[in-house]
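Participant: One structure coming up, written as structure tokens, with questions to follow.
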2 protein chains.
Amino acid sequence: MSRIQDIYPSDRVSLREVGLRDGLQLVKQFPSTEAKQRWTRQEHAAGVRHFEAGSFLPAKTFPQFADVRDVIATVAALPGAHGIALALNERGVNDALESGVGEIASVVSATEEHSQANAHRSRESAIANIRRLCEMRDASAHKPLVNAAISMALGCSIAGPVDPKEVLRLVDKCLEAGVDFVAVADTVGYAGPKQVAELTRAAVKLAGKRPICIHLHDTRGMGIANASAALDEGVRILDGSLGGLGGCPFAPGATGNVVFEDLAFLCESKGFATGIDLDELIAVRAILRETMPNEPLYGGVARAGLPCGAAKAA
Amino acid sequence: MSRIQDIYPSDRVSLREVGLRDGLQLVKQFPSTEAKQRWTRQEHAAGVRHFEAGSFLPAKTFPQFADVRDVIATVAALPGAHGIALALNERGVNDALESGVGEIASVVSATEEHSQANAHRSRESAIANIRRLCEMRDASAHKPLVNAAISMALGCSIAGPVDPKEVLRLVDKCLEAGVDFVAVADTVGYAGPKQVAELTRAAVKLAGKRPICIHLHDTRGMGIANASAALDEGVRILDGSLGGLGGCPFAPGATGNVVFEDLAFLCESKGFATGIDLDELIAVRAILRETMPNEPLYGGVARAGLPCGAAKAA
């Protein structure tokens with residue numbers, strides 16, 4: 001538990017840049033390894049410390065993650081930075097363990113319908129996978145953190161509304177399997193702040209000393225309101241992507257993850273120091289514009305700039 | 001008091017479409033009277049009941065409001081619809097009273113700096129104006145509602161941070177002057193939800209039986225989170241504009257009012273029935289696209305559509 005406390009201190013917020021993974025999941029054109037490294041280093045200089053570096057998936061299908069090891073190495077070389085990689089099967093987990101990445105993420109769908117349609121396996125099989133991942137972690141030399149994300153936890157593109165009891169049952173199963181923490185994901189941006197508050201309140205209570213992460217998409221414009229609600233319920237790990245990069249495979253034309261810059265602004269406005277210099281963070285968007293000119297970038301703070309008289313991050 | 005309870009029932013939310021006034025404040029190209037009437041009628045058919053119809057300002061400087069009387073008449077002809085018009089001086093108030101509009105809105109800046117720079121008068125003089133407006137209402141035959149908006153109430157483009165005590169002092173002055181309710185405006189989108197919660201909590205308490213309206217701009221992406229916070233504090237009158245129409249004179253390139261469609265989605269998600277059919281509301285955007293092709297339209301719900309399995313408005 002002291003390891004996770006070092007990386008995700010419970011007395012402050014940790015904002016995770018997931019653009020390098022979730023943000024690139026669907027793009028046709030993606031940044032070169034060199035551009036990803038600049039993106040990472042420049043965000044680190046702006047104060048970002050948590051990076052989802054990529055995915056251990058077949059490079060043929062997901063060429064955007066073929067260089068995941070390079071991005072992991074880039075993150076590892078930055079002082080105080082923490083790298084995360086997604087691995088969905090045993091081969092991926094082996095590769096991830098070999099890469100020395102600081103954290104391995106896995107996923108289970110909140111609904112059986114989505115699990116079968118998207119991952120071609122049952123939720124039980126996904127949980128078994130997570131259990132196996134934890135065993136492999138325990139047997140490894142450097143013992144990375146493990147997190148499990150419950151996708152579609154606040155609404156499912158196939159099944160529609162999702163029973164929070166089902167989600168909490170899965171959170172419990174993941175904790176029991178040995179994960180260091182669980183992420184609750186509004187994968188398709190269905191939720192409003194009341195629903196997020198209710199689910200995260202219950203999840204935080206259930207997880208006890210282990211943290212809960214909230215992974216939000218801004219599909220219907222509720223992202224920041226939902227993040228605010230999760231913060232109010234004690235969630236201190238929040239995912240976002242620079243410029244809101246990344247779409248949604250289940251809602252064509254929809255926006256992606258909650259905008260990282262606006263998320264940082266929200267946290268600061270609520271009195272949670274992020275250590276992030278917003279002006280410097282906004283400047284990193286130039287790398288995305290340059291390398292992915294066809295991807296729309298979102299975000300209010302980037303468009304309008306900081307308020308006049310706003311304090312700079314410490 | 002029973003009059004205001006009819007128009008703004010305290011046991012439900014009232015969402016006010018301010019696009020026809022605030023949304024058109026800065027545009028170069030604006031809809032014809034006929035298009036404004038279609039806009040109004042189609043929104044009414046979708047369930048919208050409160051419309052800021054325009055401004056009584058010199059038509060030479062603000063040609064977009066030259067037809068304010070026609071829009072007011074259009075609103076008045078729709079069952080259950082309530083029209084609002086802005087009037088900033090005695091001539092404007094006379095014109096507004098003559099038009100038979102249901103509500104007259106006035107403004108006072110939260111800071112002396114902004115009041116002098118923007119309206120070329122002191123805040124005291126603005127308050128005196130509001131007092132005179134209330135007297136003229138009392139002397140009128142149909143006695144419209146009067147509301148006063150405190151602009152820059154959550155941050156000022158000139159003075160920077162704003163002392164909430166100053167805002168509450170002005171709220172009190174407006175109530176004392178005889179307004180039916182006060183609107184608190186984050187004119188330049190400086191606030192986060194914590195600040196909005198603190199100010200609206202105090203304002204709601206101060207106003208007693210008279211309602212508080214929140215007028216938010218989404219300049220830095222906090223609009224919906226701020227609306228959620230205001231709802232949590234008992235605010236039941238909220239302003240928005242279709243597609244987030246309208247910019248900000250003090251932050252070039254910034255977005256406008258909080259997006260009406262997303263605001264309605266937020267309310268429904270929190271259990272506040274709006275009576276608005278979101279699909280029908282979204283369809284009204286076609287009028288804006290057609291008549292103002294150069295104005296960017298915002299909004300998550302319009303982009304992504306309603307969640308699968310979402311209940312339609314009653």
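Within each chain, counting starts at residue 1; across the structure tokens, chains are named A, B, ... in the order shown, with ligands numbered 1 upward in that order.
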Enumerate as a PyMOL selection string the residues belonging to chain B that approach chain A to within 9 Å, with only C-alpha atoms taken into account.

Facilitator: chain B and resi 155-161+188-195+218-229+251-255+259+262+265-271+299-310

Participant: Can I get the selected residues back with C-alpha atoms, as a PDB file, in the first residue's frame?

Facilitator:
```pdb
ATOM      1  CA  GLY B 155     -14.895  37.282 -11.780  1.00  0.00           C
ATOM      2  CA  CYS B 156     -14.300  40.464 -13.740  1.00  0.00           C
ATOM      3  CA  SER B 157     -12.418  40.885 -16.988  1.00  0.00           C
ATOM      4  CA  ILE B 158     -11.037  44.166 -15.656  1.00  0.00           C
ATOM      5  CA  ALA B 159     -10.747  43.800 -11.882  1.00  0.00           C
ATOM      6  CA  GLY B 160     -10.029  40.047 -11.804  1.00  0.00           C
ATOM      7  CA  PRO B 161     -11.308  38.218  -8.723  1.00  0.00           C
ATOM      8  CA  VAL B 188     -16.721  35.898 -18.601  1.00  0.00           C
ATOM      9  CA  GLY B 189     -16.771  32.274 -17.443  1.00  0.00           C
ATOM     10  CA  TYR B 190     -14.203  32.636 -14.670  1.00  0.00           C
ATOM     11  CA  ALA B 191     -15.777  30.454 -12.017  1.00  0.00           C
ATOM     12  CA  GLY B 192     -15.568  26.831 -11.058  1.00  0.00           C
ATOM     13  CA  PRO B 193     -18.338  24.903  -9.293  1.00  0.00           C
ATOM     14  CA  LYS B 194     -17.033  25.533  -5.776  1.00  0.00           C
ATOM     15  CA  GLN B 195     -17.192  29.293  -6.222  1.00  0.00           C
ATOM     16  CA  ASP B 218     -19.026  28.214 -20.843  1.00  0.00           C
ATOM     17  CA  THR B 219     -15.882  30.202 -21.591  1.00  0.00           C
ATOM     18  CA  ARG B 220     -13.547  27.791 -19.821  1.00  0.00           C
ATOM     19  CA  GLY B 221     -15.610  24.623 -20.093  1.00  0.00           C
ATOM     20  CA  MET B 222     -17.043  24.892 -16.573  1.00  0.00           C
ATOM     21  CA  GLY B 223     -20.588  25.878 -17.600  1.00  0.00           C
ATOM     22  CA  ILE B 224     -22.365  22.591 -16.978  1.00  0.00           C
ATOM     23  CA  ALA B 225     -20.404  21.831 -13.800  1.00  0.00           C
ATOM     24  CA  ASN B 226     -21.316  25.294 -12.538  1.00  0.00           C
ATOM     25  CA  ALA B 227     -24.978  24.800 -13.414  1.00  0.00           C
ATOM     26  CA  SER B 228     -24.932  21.508 -11.531  1.00  0.00           C
ATOM     27  CA  ALA B 229     -23.476  23.253  -8.489  1.00  0.00           C
ATOM     28  CA  ALA B 251     -12.508  37.104 -24.317  1.00  0.00           C
ATOM     29  CA  PRO B 252     -12.231  36.974 -28.112  1.00  0.00           C
ATOM     30  CA  GLY B 253     -12.757  33.519 -29.592  1.00  0.00           C
ATOM     31  CA  ALA B 254     -14.390  32.298 -26.412  1.00  0.00           C
ATOM     32  CA  THR B 255     -17.571  30.297 -26.385  1.00  0.00           C
ATOM     33  CA  VAL B 259     -25.320  25.167 -24.102  1.00  0.00           C
ATOM     34  CA  ASP B 262     -26.657  20.134 -22.506  1.00  0.00           C
ATOM     35  CA  PHE B 265     -29.767  17.012 -20.374  1.00  0.00           C
ATOM     36  CA  LEU B 266     -28.030  17.862 -17.082  1.00  0.00           C
ATOM     37  CA  CYS B 267     -31.315  18.777 -15.409  1.00  0.00           C
ATOM     38  CA  GLU B 268     -33.037  15.606 -16.571  1.00  0.00           C
ATOM     39  CA  SER B 269     -30.044  13.533 -15.417  1.00  0.00           C
ATOM     40  CA  LYS B 270     -30.358  15.088 -11.976  1.00  0.00           C
ATOM     41  CA  GLY B 271     -34.048  14.285 -11.798  1.00  0.00           C
ATOM     42  CA  GLY B 299     -22.875  21.035 -27.422  1.00  0.00           C
ATOM     43  CA  GLY B 300     -22.243  17.421 -26.557  1.00  0.00           C
ATOM     44  CA  VAL B 301     -25.790  16.090 -26.680  1.00  0.00           C
ATOM     45  CA  ALA B 302     -26.360  17.499 -30.154  1.00  0.00           C
ATOM     46  CA  ARG B 303     -23.142  15.901 -31.406  1.00  0.00           C
ATOM     47  CA  ALA B 304     -23.611  12.491 -29.823  1.00  0.00           C
ATOM     48  CA  GLY B 305     -27.372  12.160 -29.559  1.00  0.00           C
ATOM     49  CA  LEU B 306     -29.215  10.878 -26.552  1.00  0.00           C
ATOM     50  CA  PRO B 307     -27.908   7.775 -24.759  1.00  0.00           C
ATOM     51  CA  CYS B 308     -29.310   4.468 -25.892  1.00  0.00           C
ATOM     52  CA  GLY B 309     -32.262   3.611 -23.669  1.00  0.00           C
ATOM     53  CA  ALA B 310     -32.675   7.165 -22.364  1.00  0.00           C
TER      54      ALA B 310
END
```

Participant: May I have the residues within 7 Å of Gly240 in chain B as a list in words, using only C-alpha atoms and disregarding those fewer than 2 positions away in the same chain?

Facilitator: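 Surrounding residues, per the criterion: Arg16, Glu17, Val18, Leu238, Leu242, Asn257, Val258, Val259 and Phe260 of chain B.
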
Participant: Next, dump the selected residues to file, keeping only C-alpha atoms, as a tab-separated table (two decimals), in the first residue's frame.

Facilitator:
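New file again.tsv:
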```tsv
chain	number	residue	atom	x	y	z
B	16	ARG	CA	-34.43	30.32	-20.19
B	17	GLU	CA	-33.38	30.54	-23.83
B	18	VAL	CA	-31.25	33.67	-23.95
B	238	LEU	CA	-30.98	28.84	-15.37
B	242	LEU	CA	-29.15	26.96	-28.14
B	257	ASN	CA	-23.62	30.97	-22.93
B	258	VAL	CA	-23.85	27.52	-21.49
B	259	VAL	CA	-25.32	25.17	-24.10
B	260	PHE	CA	-29.09	24.97	-23.66
```

Participant: Just how far from CA of Ala53 in chain B is CA of Val75 in chain B, in Å to one decimal?

Facilitator: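 Between CA of Val75 in chain B and CA of Ala53 in chain B the gap is 7.8 Å.
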
Participant: What lies within 10 Å of Arg236 in chain A using only C-alpha atoms, ignoring chain neighbours under 4 positions off, as a compact mmCIF listing (two decimals) with C-alpha atoms, in the first residue's frame?

Facilitator:
```txt
# COMPACT_ATOMS: atom_id res chain seq x y z
CA TYR A 8 -1.18 8.25 -6.13
CA PRO A 9 -1.05 10.13 -2.81
CA SER A 10 -4.48 10.08 -1.24
CA ASP A 11 -4.18 13.67 -0.04
CA ARG A 12 -3.99 15.21 -3.51
CA VAL A 13 -5.39 14.72 -6.99
CA SER A 14 -3.55 12.72 -9.63
CA LEU A 15 -4.50 13.64 -13.18
CA PRO A 211 -8.31 4.40 -4.37
CA ILE A 212 -10.99 4.73 -7.02
CA CYS A 213 -10.20 6.31 -10.36
CA ILE A 214 -12.81 7.98 -12.55
CA ALA A 227 -15.44 15.00 -12.60
CA ALA A 230 -16.46 12.46 -8.34
CA LEU A 231 -14.05 14.83 -6.59
CA ASP A 232 -16.80 15.69 -4.14
CA CYS A 267 -9.29 20.91 -9.81
CA PHE A 272 -6.96 20.86 -5.37
```

Participant: Return the single residue from A:Ala197, A:Val204, A:Val162, A:Ile7 that is closest to Val182 in chain A, with distances computed using only C-alpha atoms.

Facilitator: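 Answer, going by the shortest atom-to-atom distance: A:Val204.
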
Participant: Would you give me, as a VMD selection string, the residues in range 109-185 of chain A that DSSP reads as helix (DSSP H, G or I)?

Facilitator: chain A and resid 112 to 119 123 to 139 164 to 177

Participant: Which residues are near Ala87 in chain A? Cut-off 12 Å, only C-alpha atoms, ignore same chain within fewer than 6 positions. Put them as an NGL selection string.

Facilitator: :A and (21 or 52-58 or 65 or 68 or 93-97 or 99 or 101 or 103-108 or 126 or 129-130 or 132-133 or 146-149)

Participant: Write to file, as a CSV table (one decimal), in the first residue's frame, the residues of the selection just made, with N, CA and C atoms.

Facilitator:
```csv
chain,number,residue,atom,x,y,z
A,21,ARG,N,-2.9,6.8,-25.1
A,21,ARG,CA,-3.5,5.5,-25.3
A,21,ARG,C,-5.0,5.6,-25.8
A,52,GLU,N,-0.7,7.4,-19.4
A,52,GLU,CA,-1.0,6.1,-20.0
A,52,GLU,C,-0.2,6.1,-21.3
A,53,ALA,N,0.8,5.2,-21.4
A,53,ALA,CA,1.7,5.3,-22.5
A,53,ALA,C,1.3,4.6,-23.8
A,54,GLY,N,0.4,3.6,-23.6
A,54,GLY,CA,0.0,2.9,-24.8
A,54,GLY,C,-0.6,1.5,-24.4
A,55,SER,N,-0.7,0.7,-25.4
A,55,SER,CA,-1.4,-0.6,-25.2
A,55,SER,C,-0.5,-1.7,-25.8
A,56,PHE,N,-0.5,-2.9,-25.1
A,56,PHE,CA,0.2,-4.1,-25.7
A,56,PHE,C,-0.9,-4.9,-26.5
A,57,LEU,N,-1.1,-4.4,-27.7
A,57,LEU,CA,-2.0,-5.0,-28.6
A,57,LEU,C,-1.2,-5.4,-29.9
A,58,PRO,N,-1.8,-6.3,-30.7
A,58,PRO,CA,-1.1,-6.6,-31.9
A,58,PRO,C,-0.8,-5.4,-32.8
A,65,PHE,N,0.3,1.8,-31.5
A,65,PHE,CA,0.9,1.4,-30.2
A,65,PHE,C,2.1,0.5,-30.4
A,68,VAL,N,5.0,1.3,-28.1
A,68,VAL,CA,4.6,1.5,-26.7
A,68,VAL,C,5.8,1.4,-25.7
A,93,VAL,N,0.3,-9.1,-21.1
A,93,VAL,CA,0.7,-8.9,-19.7
A,93,VAL,C,2.2,-9.2,-19.6
A,94,ASN,N,2.6,-10.3,-20.3
A,94,ASN,CA,4.0,-10.7,-20.3
A,94,ASN,C,4.9,-9.6,-20.9
A,95,ASP,N,4.4,-9.1,-22.0
A,95,ASP,CA,5.2,-8.0,-22.7
A,95,ASP,C,5.2,-6.8,-21.8
A,96,ALA,N,4.1,-6.5,-21.1
A,96,ALA,CA,4.1,-5.3,-20.2
A,96,ALA,C,5.0,-5.5,-19.1
A,97,LEU,N,5.0,-6.7,-18.5
A,97,LEU,CA,5.9,-6.9,-17.3
A,97,LEU,C,7.4,-6.8,-17.8
A,99,SER,N,8.5,-4.9,-20.1
A,99,SER,CA,8.8,-3.5,-20.4
A,99,SER,C,9.1,-2.7,-19.2
A,101,VAL,N,7.1,-1.3,-17.2
A,101,VAL,CA,6.1,-0.2,-17.0
A,101,VAL,C,5.6,-0.2,-15.6
A,103,GLU,N,2.7,0.5,-14.3
A,103,GLU,CA,1.3,0.1,-14.0
A,103,GLU,C,0.7,-0.6,-15.2
A,104,ILE,N,0.0,-1.7,-14.9
A,104,ILE,CA,-0.7,-2.4,-16.0
A,104,ILE,C,-2.2,-2.3,-15.8
A,105,ALA,N,-2.8,-1.9,-16.8
A,105,ALA,CA,-4.3,-1.7,-16.7
A,105,ALA,C,-5.0,-2.8,-17.5
A,106,SER,N,-6.1,-3.3,-16.9
A,106,SER,CA,-6.9,-4.2,-17.6
A,106,SER,C,-8.4,-3.7,-17.6
A,107,VAL,N,-9.3,-4.4,-18.2
A,107,VAL,CA,-10.6,-3.9,-18.4
A,107,VAL,C,-11.6,-5.1,-18.2
A,108,VAL,N,-12.8,-4.7,-17.6
A,108,VAL,CA,-13.9,-5.6,-17.7
A,108,VAL,C,-15.2,-4.8,-18.0
A,126,ALA,N,-13.1,-12.2,-18.1
A,126,ALA,CA,-12.3,-11.0,-17.9
A,126,ALA,C,-11.8,-10.9,-16.5
A,129,ASN,N,-9.0,-13.2,-16.0
A,129,ASN,CA,-7.8,-12.6,-16.6
A,129,ASN,C,-7.1,-11.6,-15.7
A,130,ILE,N,-7.9,-10.8,-15.0
A,130,ILE,CA,-7.4,-9.8,-14.0
A,130,ILE,C,-6.8,-10.6,-12.9
A,132,ARG,N,-5.4,-13.5,-13.0
A,132,ARG,CA,-4.1,-14.0,-13.5
A,132,ARG,C,-3.1,-12.9,-13.6
A,133,LEU,N,-3.5,-11.7,-14.1
A,133,LEU,CA,-2.6,-10.6,-14.2
A,133,LEU,C,-2.0,-10.2,-12.8
A,146,VAL,N,-1.3,-2.6,-10.5
A,146,VAL,CA,-2.4,-3.2,-11.4
A,146,VAL,C,-3.7,-2.4,-11.2
A,147,ASN,N,-4.3,-2.0,-12.2
A,147,ASN,CA,-5.6,-1.4,-12.1
A,147,ASN,C,-6.6,-2.1,-13.1
A,148,ALA,N,-7.8,-2.2,-12.6
A,148,ALA,CA,-8.8,-2.7,-13.5
A,148,ALA,C,-9.9,-1.7,-13.7
A,149,ALA,N,-10.2,-1.4,-15.0
A,149,ALA,CA,-11.3,-0.5,-15.3
A,149,ALA,C,-12.6,-1.2,-15.6
```

Participant: From a DSSP calculation on the backbone, collect every residue of range 169-299 of chain B in strand (DSSP E or B) and output the set as a PyMOL selection string.

Facilitator: chain B and resi 181-186+212-217+237-241+257+259

Participant: Restrict the selected residues to N, CA and C atoms and save them as a PDB file, in the first residue's frame.

Facilitator:
```pdb
ATOM      1  N   PHE B 181     -36.677  39.181  -8.900  1.00  0.00           N
ATOM      2  CA  PHE B 181     -35.574  38.250  -8.622  1.00  0.00           C
ATOM      3  C   PHE B 181     -34.279  38.782  -9.200  1.00  0.00           C
ATOM      4  N   VAL B 182     -33.188  38.162  -8.736  1.00  0.00           N
ATOM      5  CA  VAL B 182     -31.857  38.588  -9.155  1.00  0.00           C
ATOM      6  C   VAL B 182     -31.186  37.442  -9.905  1.00  0.00           C
ATOM      7  N   ALA B 183     -30.488  37.785 -10.980  1.00  0.00           N
ATOM      8  CA  ALA B 183     -29.663  36.810 -11.698  1.00  0.00           C
ATOM      9  C   ALA B 183     -28.200  37.069 -11.360  1.00  0.00           C
ATOM     10  N   VAL B 184     -27.482  36.006 -11.098  1.00  0.00           N
ATOM     11  CA  VAL B 184     -26.060  36.103 -10.818  1.00  0.00           C
ATOM     12  C   VAL B 184     -25.343  35.608 -12.071  1.00  0.00           C
ATOM     13  N   ALA B 185     -24.492  36.453 -12.644  1.00  0.00           N
ATOM     14  CA  ALA B 185     -23.922  36.127 -13.952  1.00  0.00           C
ATOM     15  C   ALA B 185     -22.409  35.936 -13.898  1.00  0.00           C
ATOM     16  N   ASP B 186     -21.973  34.794 -14.440  1.00  0.00           N
ATOM     17  CA  ASP B 186     -20.534  34.582 -14.655  1.00  0.00           C
ATOM     18  C   ASP B 186     -20.250  34.988 -16.105  1.00  0.00           C
ATOM     19  N   ILE B 212     -33.407  32.964  -7.222  1.00  0.00           N
ATOM     20  CA  ILE B 212     -32.119  33.392  -7.788  1.00  0.00           C
ATOM     21  C   ILE B 212     -31.963  32.674  -9.125  1.00  0.00           C
ATOM     22  N   CYS B 213     -31.524  33.428 -10.108  1.00  0.00           N
ATOM     23  CA  CYS B 213     -31.244  32.859 -11.433  1.00  0.00           C
ATOM     24  C   CYS B 213     -29.736  32.799 -11.615  1.00  0.00           C
ATOM     25  N   ILE B 214     -29.255  31.759 -12.272  1.00  0.00           N
ATOM     26  CA  ILE B 214     -27.826  31.705 -12.593  1.00  0.00           C
ATOM     27  C   ILE B 214     -27.655  31.821 -14.104  1.00  0.00           C
ATOM     28  N   HIS B 215     -26.771  32.724 -14.474  1.00  0.00           N
ATOM     29  CA  HIS B 215     -26.497  32.997 -15.882  1.00  0.00           C
ATOM     30  C   HIS B 215     -25.024  32.665 -16.120  1.00  0.00           C
ATOM     31  N   LEU B 216     -24.791  31.590 -16.847  1.00  0.00           N
ATOM     32  CA  LEU B 216     -23.420  31.084 -16.972  1.00  0.00           C
ATOM     33  C   LEU B 216     -22.921  31.143 -18.407  1.00  0.00           C
ATOM     34  N   HIS B 217     -21.657  31.423 -18.530  1.00  0.00           N
ATOM     35  CA  HIS B 217     -20.983  31.278 -19.828  1.00  0.00           C
ATOM     36  C   HIS B 217     -20.004  30.109 -19.718  1.00  0.00           C
ATOM     37  N   ILE B 237     -33.717  28.675 -11.664  1.00  0.00           N
ATOM     38  CA  ILE B 237     -33.830  29.414 -12.930  1.00  0.00           C
ATOM     39  C   ILE B 237     -32.434  29.468 -13.539  1.00  0.00           C
ATOM     40  N   LEU B 238     -32.295  28.912 -14.736  1.00  0.00           N
ATOM     41  CA  LEU B 238     -30.979  28.836 -15.366  1.00  0.00           C
ATOM     42  C   LEU B 238     -31.059  29.322 -16.805  1.00  0.00           C
ATOM     43  N   ASP B 239     -30.074  30.122 -17.189  1.00  0.00           N
ATOM     44  CA  ASP B 239     -30.010  30.638 -18.550  1.00  0.00           C
ATOM     45  C   ASP B 239     -29.100  29.770 -19.408  1.00  0.00           C
ATOM     46  N   GLY B 240     -29.431  29.698 -20.685  1.00  0.00           N
ATOM     47  CA  GLY B 240     -28.580  29.010 -21.646  1.00  0.00           C
ATOM     48  C   GLY B 240     -28.968  29.463 -23.034  1.00  0.00           C
ATOM     49  N   SER B 241     -28.149  29.122 -24.012  1.00  0.00           N
ATOM     50  CA  SER B 241     -28.517  29.458 -25.396  1.00  0.00           C
ATOM     51  C   SER B 241     -28.334  28.234 -26.274  1.00  0.00           C
ATOM     52  N   ASN B 257     -22.831  31.454 -24.054  1.00  0.00           N
ATOM     53  CA  ASN B 257     -23.616  30.969 -22.928  1.00  0.00           C
ATOM     54  C   ASN B 257     -23.506  29.465 -22.830  1.00  0.00           C
ATOM     55  N   VAL B 259     -24.519  25.770 -23.027  1.00  0.00           N
ATOM     56  CA  VAL B 259     -25.320  25.167 -24.102  1.00  0.00           C
ATOM     57  C   VAL B 259     -26.672  24.701 -23.559  1.00  0.00           C
TER      58      VAL B 259
END
```

Participant: Just how far from CA of Lys36 in chain A is CA of Ile287 in chain A, in Å to one decimal?

Facilitator: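 We find that CA of Ile287 in chain A and CA of Lys36 in chain A lie 8.5 Å from each other.
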
Participant: Could you tell me which of A:Thr187, A:Ala264, A:His82, A:Gly208 comes closest to Asp172 in chain A if we count only C-alpha atoms?

Facilitator: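 Nearest to Asp172 in chain A: A:Gly208.
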